[in-house]
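K.L.:
Here you go, one structure.
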Amino acid sequence: MKKLITILFIASGFMAFGQQYAVNVSNNNFDETAFASDTFSDNLKITGTMMQKGDEWFIQGVETRSEEVTDYYPSNLEREFMVDGLRVVVEATLDPIPDGVRLAGKPITIIKIEKI
């Protein structure tokens, strides 16, 4: 019986130490303001073409700071711009991708959109 109590006591000590260590490490190493400002605050300027895949509309285009063609999925696209092949210029913000979700393109929220 003494051995069982000793084992339980030691195990609970390890669990308590491990949890406290995990909390300290995670709280000390995460800088929320740096993450938010680096990733999501800059506006994107995209030149591209409106396209439709199934029921979803997306903009296939190039962001001004890159030469790579990317698919952008706007969350607030107005009906008048839902024209396949329409050339547009878009100013948008990059939306966060939820954990565990895999997307074919980058989610955006449109600030300004114009036909070319």
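Every chain in the structure tokens takes a letter, A first, then B, and so on in the order presented; its residues are numbered from 1, and the ligands are numbered from 1 following the presented order.
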Using only C-alpha atoms, which residues sit within 10 Å of Val83 (chain A) once same-chain residues fewer than 5 positions away are excluded, as a list in words?
P.N.:
Thr49, Met50, Met51, Gln52 and Trp57 of chain A
K.L.:
Pull N, CA, C and O atoms from the residues just selected and write them as a PDB file, in the first residue's frame.
P.N.:
ATOM      1  N   THR A  49      -8.562  38.133 -62.222  1.00  0.00           N
ATOM      2  CA  THR A  49      -9.732  37.778 -63.009  1.00  0.00           C
ATOM      3  C   THR A  49     -10.726  37.035 -62.136  1.00  0.00           C
ATOM      4  O   THR A  49     -10.345  36.125 -61.399  1.00  0.00           O
ATOM      5  N   MET A  50     -12.008  37.403 -62.246  1.00  0.00           N
ATOM      6  CA  MET A  50     -13.060  36.703 -61.513  1.00  0.00           C
ATOM      7  C   MET A  50     -13.292  35.347 -62.165  1.00  0.00           C
ATOM      8  O   MET A  50     -13.364  35.241 -63.389  1.00  0.00           O
ATOM      9  N   MET A  51     -13.413  34.317 -61.333  1.00  0.00           N
ATOM     10  CA  MET A  51     -13.658  32.966 -61.837  1.00  0.00           C
ATOM     11  C   MET A  51     -14.632  32.261 -60.898  1.00  0.00           C
ATOM     12  O   MET A  51     -14.770  32.634 -59.744  1.00  0.00           O
ATOM     13  N   GLN A  52     -15.279  31.224 -61.426  1.00  0.00           N
ATOM     14  CA  GLN A  52     -16.227  30.473 -60.626  1.00  0.00           C
ATOM     15  C   GLN A  52     -15.837  29.001 -60.613  1.00  0.00           C
ATOM     16  O   GLN A  52     -15.531  28.418 -61.642  1.00  0.00           O
ATOM     17  N   TRP A  57     -17.165  31.798 -55.918  1.00  0.00           N
ATOM     18  CA  TRP A  57     -16.460  32.774 -56.739  1.00  0.00           C
ATOM     19  C   TRP A  57     -15.103  33.072 -56.118  1.00  0.00           C
ATOM     20  O   TRP A  57     -14.974  33.137 -54.902  1.00  0.00           O
TER      21      TRP A  57
END
K.L.:
Would you work out the distance separating CA of Gln60 (chain A) from CA of Arg102 (chain A), expressed in Å to one decimal?
P.N.:
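It comes out at 17.9 Å.
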K.L.:
Region 38-85 of chain A: which residues are strand (DSSP E or B) by DSSP, as a ChimeraX atom specification?
P.N.:
/A:43-53,56-63,69-74
K.L.:
Nearest to Met82 (chain A) among A:Ile113, A:Leu94, A:Leu103, A:Val62, with distances taken over only C-alpha atoms: which residue is it?
P.N.:
A:Ile113
K.L.:
May I have the residues within 10 Å of Tyr72 (chain A) as a PyMOL selection string, using only C-alpha atoms and disregarding those fewer than 2 positions away in the same chain?
P.N.:
chain A and resi 46+48+50+57-63+69-70+74-75+92+94+104-109
K.L.:
Which residue out of A:Asp42, A:Thr47, A:Glu91, A:Glu67 has the minimum interatomic distance to Lys112 (chain A) when only C-alpha atoms are used?
P.N.:
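Of A:Asp42, A:Thr47, A:Glu91, A:Glu67, the one nearest Lys112 (chain A), counting only C-alpha atoms, is A:Glu91.
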